[in-house]
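Novice: Handing you this structure, nothing more for now.
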Amino acid sequence: GIQNWSNVLEGQLSADAPSVMWRALAGIKGGVDQQVRLIEDLLDATRIMSGTLSLATAPIEIRPVVEAAIASVSATAAAKHIELLPDLHLGGERVRADPDRIQQILWNLLSNALKFTPDKGHVKVSLDRVGASVRLRVTDDGKGIAAEFLPHMFDWFRRDETSSQRGQDGLGLGLALVRHLCELHGGTVSASSPGPGRGASFEVRLPMLIDSTTAGSTWSDEARDSQRPFPVLKSCFSREGSLSSDSMRFSSPRACACCATACVSCSGLQGLTR
């Protein structure tokens, strides 16, 4: 697959290789990562619409998850000279959640903020407590959101066509997934913006665990009933449908372990149109 061969190239390039080669490789890997993310979003959307999305929940501290999400986008922020401003007031507060899904929520919100914030802009990430809830806010000074689009911000396949940049790419899945994943955790998400060109803010609230005896009380009946034993696919996708033996032979064991074929069934994709 493409991703496997890009790992081969990365291992073969020397440190003194022409810079254009490294830029080309970075472009290939970035393009593959975008395709993987798109396919995973499509699969998650199918599972949500069919009621088969499974969560691996446990009492977790929220701050380390937020810090990991911030670290995962730090390189993207640095490339655009955008300053990430963490403002994390919580310490050992816990929520009952699937840490991978919470990171997915945060990654989508942070990526969205970085995407629509110009070079040398700012993205602030705050974490605090409001009553019995943990509140996470991602605020940027970017392109902003038109008032007429705000009510549709978290709808499936909706993009802001009123902005000169919003809606240029993507399928309008990321924020819809954020909303549904928040609801499955018994939480909420909302968006606000003073208007185009004046930035935007996204706020997530999740029920906080007071102690281990109240762990079950953080779940709504709807969230609990939505869990089904369906494995979450986290793999690299090969457009060719299989990984070539040559690329597998040249790749490191680590690369082989993380590269797998994702087969999207027709029945699964049909769920998106129901």
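Chain identifiers are assigned as A, B, and so on, following the order in which chains appear in the structure tokens; residues are numbered from 1 within each chain, and ligands are numbered from 1 in order of appearance.
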Would you kindly return, as a PyMOL selection string, each protein, DNA or RNA residue with an atom no farther than 8 Å from any atom of range 70-79 of chain A, considering only C-alpha atoms and excluding same-chain residues fewer than 5 positions away?
Specialist: chain A and resi 84+107+110-111+114
Novice: Set the distance at 8 Å and use only C-alpha atoms: which residues neighbour Thr139 in chain A once local chain neighbours fewer than 2 positions away are removed? I'd like the list as a PyMOL selection string.
Specialist: chain A and resi 113+123-125+137+141+199-202
Novice: What does the distance from CA of Ser19 in chain A to CA of Glu83 in chain A come to in Å, to one decimal?
Specialist: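 Between CA of Ser19 in chain A and CA of Glu83 in chain A the gap works out to 25.8 Å.
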Novice: Could you check how far CA of Ser192 in chain A sits from CA of Lys115 in chain A, in Å to one decimal?
Specialist: 16.8 Å
Novice: Looking at only C-alpha atoms, which of A:Pro86, A:Leu42, A:Val36, A:Leu127 is the one that sits closest to Ala176 in chain A?
Specialist: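 When distances to Ala176 in chain A are compared using only C-alpha atoms, the smallest one comes from A:Leu42.
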Novice: Write down as JSON, numbers by chain the residues of range 10-110 of chain A whose backbone DSSP state falls under strand (DSSP E or B).
Specialist: {"A": [58, 59, 60, 61, 83, 84, 85, 86, 87, 88, 94, 95, 96, 97]}
Novice: For Ala24 in chain A, which residue out of A:Ser6, A:Gln12, A:Asn108, A:Gln103 is the nearest one, using only C-alpha atoms?
Specialist: A:Ser6
Novice: Give me the residues near Gly174 in chain A as number ranges by chain, where near means some atom within 9 Å (using only C-alpha atoms) and where sequence neighbours in that chain fewer than 2 positions away do not count.
Specialist: A: 38, 41, 105, 108-109, 112, 154, 156, 170-172, 176-179
